[in-house]
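Peer 1: What follows is target00.pdb; its format and atoms are PDB, C-alpha atoms.
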ATOM      1  CA  MET N  30    -176.935 -14.272 308.591  1.00  0.00           C
ATOM      2  CA  MET N  31    -179.776 -12.386 310.240  1.00  0.00           C
ATOM      3  CA  SER N  32    -179.889  -8.620 309.812  1.00  0.00           C
ATOM      4  CA  LYS N  33    -180.311  -7.912 313.532  1.00  0.00           C
ATOM      5  CA  PRO N  34    -179.028 -10.146 316.346  1.00  0.00           C
ATOM      6  CA  LEU N  35    -181.699 -12.463 317.675  1.00  0.00           C
ATOM      7  CA  PRO N  36    -181.652 -13.169 321.402  1.00  0.00           C
ATOM      8  CA  ALA N  37    -181.546 -16.793 322.471  1.00  0.00           C
ATOM      9  CA  ILE N  38    -182.777 -18.438 325.656  1.00  0.00           C
ATOM     10  CA  VAL N  39    -181.155 -21.768 326.511  1.00  0.00           C
ATOM     11  CA  LEU N  40    -183.421 -23.830 328.753  1.00  0.00           C
ATOM     12  CA  ALA N  41    -181.166 -25.638 331.236  1.00  0.00           C
ATOM     13  CA  ALA N  42    -183.180 -25.698 334.471  1.00  0.00           C
ATOM     14  CA  GLY N  43    -184.553 -29.226 334.268  1.00  0.00           C
ATOM     15  CA  GLU N  44    -183.903 -31.715 337.042  1.00  0.00           C
ATOM     16  CA  SER N  45    -182.606 -34.496 334.754  1.00  0.00           C
ATOM     17  CA  SER N  46    -183.873 -37.111 337.221  1.00  0.00           C
ATOM     18  CA  ARG N  47    -183.959 -39.955 334.667  1.00  0.00           C
ATOM     19  CA  LEU N  48    -180.454 -39.199 333.394  1.00  0.00           C
ATOM     20  CA  GLY N  49    -179.061 -38.801 336.895  1.00  0.00           C
ATOM     21  CA  GLN N  50    -176.911 -35.806 336.010  1.00  0.00           C
ATOM     22  CA  ALA N  51    -177.459 -32.337 334.595  1.00  0.00           C
ATOM     23  CA  LYS N  52    -178.053 -32.564 330.847  1.00  0.00           C
ATOM     24  CA  ALA N  53    -176.355 -29.213 330.265  1.00  0.00           C
ATOM     25  CA  LEU N  54    -173.127 -30.569 331.713  1.00  0.00           C
ATOM     26  CA  VAL N  55    -173.021 -33.935 329.921  1.00  0.00           C
ATOM     27  CA  VAL N  56    -169.675 -34.138 328.137  1.00  0.00           C
ATOM     28  CA  VAL N  57    -169.965 -34.493 324.352  1.00  0.00           C
ATOM     29  CA  GLN N  58    -166.922 -34.223 322.087  1.00  0.00           C
ATOM     30  CA  GLU N  59    -164.815 -33.401 325.173  1.00  0.00           C
ATOM     31  CA  SER N  60    -166.957 -30.373 326.138  1.00  0.00           C
ATOM     32  CA  PRO N  61    -170.091 -29.826 328.208  1.00  0.00           C
ATOM     33  CA  LEU N  62    -173.188 -29.921 326.011  1.00  0.00           C
ATOM     34  CA  LEU N  63    -174.056 -26.369 327.081  1.00  0.00           C
ATOM     35  CA  LYS N  64    -170.717 -25.105 325.751  1.00  0.00           C
ATOM     36  CA  LEU N  65    -171.302 -26.717 322.345  1.00  0.00           C
ATOM     37  CA  ILE N  66    -174.792 -25.237 322.097  1.00  0.00           C
ATOM     38  CA  THR N  67    -173.811 -21.714 323.137  1.00  0.00           C
ATOM     39  CA  GLU N  68    -170.800 -21.735 320.793  1.00  0.00           C
ATOM     40  CA  ARG N  69    -173.129 -22.585 317.880  1.00  0.00           C
ATOM     41  CA  LEU N  70    -175.459 -19.758 318.844  1.00  0.00           C
ATOM     42  CA  HIS N  71    -172.554 -17.297 319.161  1.00  0.00           C
ATOM     43  CA  SER N  72    -171.150 -18.340 315.788  1.00  0.00           C
ATOM     44  CA  GLU N  73    -174.413 -17.307 314.115  1.00  0.00           C
ATOM     45  CA  GLY N  74    -174.557 -13.964 315.912  1.00  0.00           C
ATOM     46  CA  CYS N  75    -177.267 -14.598 318.506  1.00  0.00           C
ATOM     47  CA  ASP N  76    -177.153 -11.868 321.140  1.00  0.00           C
ATOM     48  CA  PRO N  77    -177.739 -11.846 324.001  1.00  0.00           C
ATOM     49  CA  ILE N  78    -177.626 -15.528 324.873  1.00  0.00           C
ATOM     50  CA  ILE N  79    -179.358 -16.186 328.177  1.00  0.00           C
ATOM     51  CA  VAL N  80    -178.858 -19.535 329.917  1.00  0.00           C
ATOM     52  CA  VAL N  81    -181.614 -20.217 332.440  1.00  0.00           C
ATOM     53  CA  THR N  82    -180.742 -22.870 334.978  1.00  0.00           C
ATOM     54  CA  ARG N  83    -181.380 -23.976 338.559  1.00  0.00           C
ATOM     55  CA  ALA N  84    -179.415 -22.537 341.476  1.00  0.00           C
ATOM     56  CA  GLU N  85    -177.206 -25.575 342.091  1.00  0.00           C
ATOM     57  CA  LEU N  86    -175.996 -25.580 338.458  1.00  0.00           C
ATOM     58  CA  ALA N  87    -175.386 -21.840 338.049  1.00  0.00           C
ATOM     59  CA  PHE N  88    -171.605 -21.820 338.575  1.00  0.00           C
ATOM     60  CA  ASP N  89    -171.038 -24.864 336.364  1.00  0.00           C
ATOM     61  CA  CYS N  90    -173.233 -23.359 333.638  1.00  0.00           C
ATOM     62  CA  LEU N  91    -171.336 -20.075 333.856  1.00  0.00           C
ATOM     63  CA  ALA N  92    -168.029 -21.938 333.521  1.00  0.00           C
ATOM     64  CA  ALA N  93    -169.362 -23.814 330.475  1.00  0.00           C
ATOM     65  CA  SER N  94    -170.722 -20.681 328.791  1.00  0.00           C
ATOM     66  CA  PRO N  95    -168.652 -17.683 329.945  1.00  0.00           C
ATOM     67  CA  ASN N  96    -169.824 -15.391 327.113  1.00  0.00           C
ATOM     68  CA  CYS N  97    -173.464 -15.816 328.100  1.00  0.00           C
ATOM     69  CA  LYS N  98    -175.613 -14.401 330.848  1.00  0.00           C
ATOM     70  CA  VAL N  99    -176.591 -17.159 333.271  1.00  0.00           C
ATOM     71  CA  VAL N 100    -179.745 -16.578 335.294  1.00  0.00           C
ATOM     72  CA  ILE N 101    -181.482 -18.728 337.876  1.00  0.00           C
ATOM     73  CA  ASN N 102    -185.051 -19.964 337.695  1.00  0.00           C
ATOM     74  CA  LYS N 103    -185.970 -20.009 341.387  1.00  0.00           C
ATOM     75  CA  PHE N 104    -188.930 -22.282 340.624  1.00  0.00           C
ATOM     76  CA  PRO N 105    -187.654 -24.769 338.022  1.00  0.00           C
ATOM     77  CA  GLU N 106    -190.413 -27.216 338.944  1.00  0.00           C
ATOM     78  CA  SER N 107    -192.814 -24.800 337.188  1.00  0.00           C
ATOM     79  CA  GLY N 108    -191.523 -26.232 333.916  1.00  0.00           C
ATOM     80  CA  ARG N 109    -190.368 -24.777 330.627  1.00  0.00           C
ATOM     81  CA  THR N 110    -192.906 -21.964 330.574  1.00  0.00           C
ATOM     82  CA  GLY N 111    -191.518 -20.548 333.808  1.00  0.00           C
ATOM     83  CA  THR N 112    -187.967 -20.948 332.511  1.00  0.00           C
ATOM     84  CA  ILE N 113    -188.843 -19.084 329.302  1.00  0.00           C
ATOM     85  CA  GLN N 114    -190.421 -16.290 331.365  1.00  0.00           C
ATOM     86  CA  VAL N 115    -187.233 -15.944 333.427  1.00  0.00           C
ATOM     87  CA  GLY N 116    -185.235 -15.803 330.183  1.00  0.00           C
ATOM     88  CA  LEU N 117    -187.468 -13.134 328.647  1.00  0.00           C
ATOM     89  CA  ILE N 118    -187.165 -10.976 331.766  1.00  0.00           C
ATOM     90  CA  ALA N 119    -183.369 -11.343 331.597  1.00  0.00           C
ATOM     91  CA  ILE N 120    -183.369 -10.272 327.931  1.00  0.00           C
ATOM     92  CA  GLY N 121    -185.462  -7.241 328.875  1.00  0.00           C
ATOM     93  CA  GLN N 122    -182.982  -6.324 331.596  1.00  0.00           C
ATOM     94  CA  GLU N 123    -180.035  -6.870 329.262  1.00  0.00           C
ATOM     95  CA  THR N 124    -181.384  -4.940 326.258  1.00  0.00           C
ATOM     96  CA  GLY N 125    -183.806  -2.488 327.834  1.00  0.00           C
ATOM     97  CA  ASN N 126    -186.871  -3.946 326.144  1.00  0.00           C
ATOM     98  CA  LEU N 127    -188.635  -7.235 325.522  1.00  0.00           C
ATOM     99  CA  PRO N 128    -187.813  -8.839 322.183  1.00  0.00           C
ATOM    100  CA  LYS N 129    -190.391  -9.240 319.433  1.00  0.00           C
ATOM    101  CA  SER N 130    -188.878 -12.671 318.869  1.00  0.00           C
ATOM    102  CA  ALA N 131    -186.321 -14.946 320.477  1.00  0.00           C
ATOM    103  CA  LEU N 132    -184.804 -18.320 319.811  1.00  0.00           C
ATOM    104  CA  ILE N 133    -185.824 -20.881 322.454  1.00  0.00           C
ATOM    105  CA  VAL N 134    -183.203 -23.634 322.732  1.00  0.00           C
ATOM    106  CA  PRO N 135    -183.883 -26.621 325.010  1.00  0.00           C
ATOM    107  CA  VAL N 136    -180.521 -27.981 326.202  1.00  0.00           C
ATOM    108  CA  ASP N 137    -181.852 -31.525 325.849  1.00  0.00           C
ATOM    109  CA  ARG N 138    -182.447 -31.168 322.078  1.00  0.00           C
ATOM    110  CA  PRO N 139    -178.899 -30.569 320.788  1.00  0.00           C
ATOM    111  CA  GLY N 140    -179.133 -32.454 317.492  1.00  0.00           C
ATOM    112  CA  TRP N 141    -179.632 -29.463 315.211  1.00  0.00           C
ATOM    113  CA  SER N 142    -177.104 -28.448 312.622  1.00  0.00           C
ATOM    114  CA  GLN N 143    -175.700 -25.034 311.778  1.00  0.00           C
ATOM    115  CA  SER N 144    -177.806 -25.023 308.600  1.00  0.00           C
ATOM    116  CA  THR N 145    -180.966 -25.636 310.655  1.00  0.00           C
ATOM    117  CA  LEU N 146    -179.976 -22.785 312.954  1.00  0.00           C
ATOM    118  CA  ARG N 147    -179.413 -20.472 309.967  1.00  0.00           C
ATOM    119  CA  LYS N 148    -182.845 -21.370 308.551  1.00  0.00           C
ATOM    120  CA  LEU N 149    -184.483 -20.592 311.891  1.00  0.00           C
ATOM    121  CA  LEU N 150    -182.668 -17.278 312.158  1.00  0.00           C
ATOM    122  CA  ASP N 151    -183.704 -16.306 308.624  1.00  0.00           C
ATOM    123  CA  THR N 152    -187.367 -17.239 309.167  1.00  0.00           C
ATOM    124  CA  GLU N 153    -189.951 -14.545 309.734  1.00  0.00           C
ATOM    125  CA  GLY N 154    -192.473 -15.530 312.394  1.00  0.00           C
ATOM    126  CA  CYS N 155    -192.696 -18.675 314.477  1.00  0.00           C
ATOM    127  CA  ALA N 156    -190.815 -21.789 313.384  1.00  0.00           C
ATOM    128  CA  CYS N 157    -189.966 -25.157 314.850  1.00  0.00           C
ATOM    129  CA  PRO N 158    -187.526 -27.525 313.154  1.00  0.00           C
ATOM    130  CA  GLU N 159    -188.490 -31.109 312.608  1.00  0.00           C
ATOM    131  CA  LYS N 160    -186.527 -34.117 311.450  1.00  0.00           C
ATOM    132  CA  GLY N 161    -185.912 -34.248 307.726  1.00  0.00           C
ATOM    133  CA  SER N 162    -186.772 -30.616 306.979  1.00  0.00           C
TER     134      SER N 162
END
Would you give me this structure, written as structure tokens?

Peer 2:
Amino acid sequence: MMSKPLPAIVLAAGESSRLGQAKALVVVQESPLLKLITERLHSEGCDPIIVVTRAELAFDCLAASPNCKVVINKFPESGRTGTIQVGLIAIGQETGNLPKSALIVPVDRPGWSQSTLRKLLDTEGCACPEKGS
């Protein structure tokens, strides 16, 4: 496990217009997808875990991830970059400084394993998992 907790930002502010429902709240294995993702992050010691979502999903996201800080991206149409910025600001408020690194976790890419997460957490510098590695 990592020597110092790594903060994580879960990107959950997308509109999900093609799916027709919020991706973060899709039920997988009898739980909302967001719950499964944040539980994985907690199990590997990520801290803090910031879930960035849109206003209309905030209460449902909080219910699905009660051990996380849920913050609202007031301008989710600005895309992932704006959502990451909101998450970084929330980490700064939570910890008192901006992190040198953070794990960025799109809620719509849940297919990673615990071993992939461990590899990412043990990697120095920037890393992005890809299939088969």

Peer 1: Please check which residues have atoms at most 10 Å from (-167.9, -19.0, 326.0) in the file's coordinates, counting only C-alpha atoms, and write them as a compact mmCIF listing (two decimals) with C-alpha atoms, keeping the file's coordinate frame.

Peer 2:
# COMPACT_ATOMS: atom_id res chain seq x y z
CA LEU N 63 -174.06 -26.37 327.08
CA LYS N 64 -170.72 -25.10 325.75
CA LEU N 65 -171.30 -26.72 322.35
CA THR N 67 -173.81 -21.71 323.14
CA GLU N 68 -170.80 -21.74 320.79
CA HIS N 71 -172.55 -17.30 319.16
CA LEU N 91 -171.34 -20.08 333.86
CA ALA N 92 -168.03 -21.94 333.52
CA ALA N 93 -169.36 -23.81 330.48
CA SER N 94 -170.72 -20.68 328.79
CA PRO N 95 -168.65 -17.68 329.94
CA ASN N 96 -169.82 -15.39 327.11
CA CYS N 97 -173.46 -15.82 328.10

Peer 1: Step by step, work through what the PyMOL selection byres ((chain N and resi 53) around 7) selects in the shown file, and finish by giving those residues as a list in words.

Peer 2: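 Listing what the PyMOL selection byres ((chain N and resi 53) around 7) selects in the shown file: Ala41, Ala51, Lys52, Leu54, Val55, Pro61, Leu62, Leu63 and Val136 of chain N.
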
Peer 1: Find the residues near N:Pro36: any atom within 8 Å, counting all atoms listed in the file, skip ones fewer than 5 places away on the same chain, and give them as a list of chain:residue names.

Peer 2: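 Counting all atoms listed in the file, the residues come to N:Cys75, N:Asp76, N:Pro77, N:Ile78, N:Ile79, N:Ile120, N:Pro128, N:Ser130, N:Ala131, N:Leu132.
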
Peer 1: Please provide the set of residues having any atom within 9 Å of N:Arg83, restricted to only C-alpha atoms, with same-chain residues fewer than 3 positions apart removed, written as a list in words.

Peer 2: Ala41, Ala42, Gly43, Glu44, Leu86, Ala87, Val100, Ile101, Asn102, Lys103, Phe104 and Pro105 of chain N

Peer 1: Rounded to one decimal, what separation in Å do you get between atom CA of N:Leu48 and atom CA of N:Leu146?

Peer 2: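 Spanning atom CA of N:Leu48 to atom CA of N:Leu146 is a straight-line distance of 26.2 Å.
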
Peer 1: For N:Ile133, which residue out of N:Val56, N:Ile113, N:Cys155, N:Cys90 is the nearest one, using all atoms listed in the file?

Peer 2: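 Closest candidate: N:Ile113.
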
Peer 1: Going by the chain IDs and residue numbers used in this file, which residues fall under the PyMOL selection byres ((chain N and resi 40) around 7)? Write them as a CSV table (one decimal) with C-alpha atoms, in the frame of the given file.

Peer 2:
chain,number,residue,atom,x,y,z
N,38,ILE,CA,-182.8,-18.4,325.7
N,39,VAL,CA,-181.2,-21.8,326.5
N,41,ALA,CA,-181.2,-25.6,331.2
N,42,ALA,CA,-183.2,-25.7,334.5
N,80,VAL,CA,-178.9,-19.5,329.9
N,81,VAL,CA,-181.6,-20.2,332.4
N,82,THR,CA,-180.7,-22.9,335.0
N,112,THR,CA,-188.0,-20.9,332.5
N,134,VAL,CA,-183.2,-23.6,322.7
N,135,PRO,CA,-183.9,-26.6,325.0
N,136,VAL,CA,-180.5,-28.0,326.2

Peer 1: Interatomic distance between atom CA of N:Ser72 and atom CA of N:Gly108?

Peer 2: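 These atoms are spaced 28.4 Å apart.
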
Peer 1: Looking at only C-alpha atoms, which of N:Gly125, N:Ser144, N:Glu73, N:Asp137 is the one that sits closest to N:Leu35?

Peer 2: N:Glu73

Peer 1: Interatomic distance between atom CA of N:Thr124 and atom CA of N:Arg69?

Peer 2: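 Atom CA of N:Arg69 lies 21.2 Å from atom CA of N:Thr124.
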
Peer 1: Restricting the calculation to all atoms listed in the file: of N:Gln114, N:Ala37, N:Glu153, N:Asn126, which residue gets closest to N:Ile66?

Peer 2: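 The shortest atom-to-atom distance to N:Ile66 comes from N:Ala37.
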
Peer 1: Around all of stretch 57-63 of chain N's listed atoms, make the axis-aligned box with 5 Å on each side and tell me centre and edge lengths in Å to one decimal, as AutoDock Vina command-line options.

Peer 2:
--center_x -169.4 --center_y -30.4 --center_z 325.1 --size_x 19.2 --size_y 18.1 --size_z 16.1

Peer 1: With distances taken over all atoms listed in the file, which of N:Arg138, N:Phe88, N:Lys33, N:Ile118 is nearest to N:Asp151?

Peer 2: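 Using all atoms listed in the file, the shortest distance to N:Asp151 belongs to N:Lys33.
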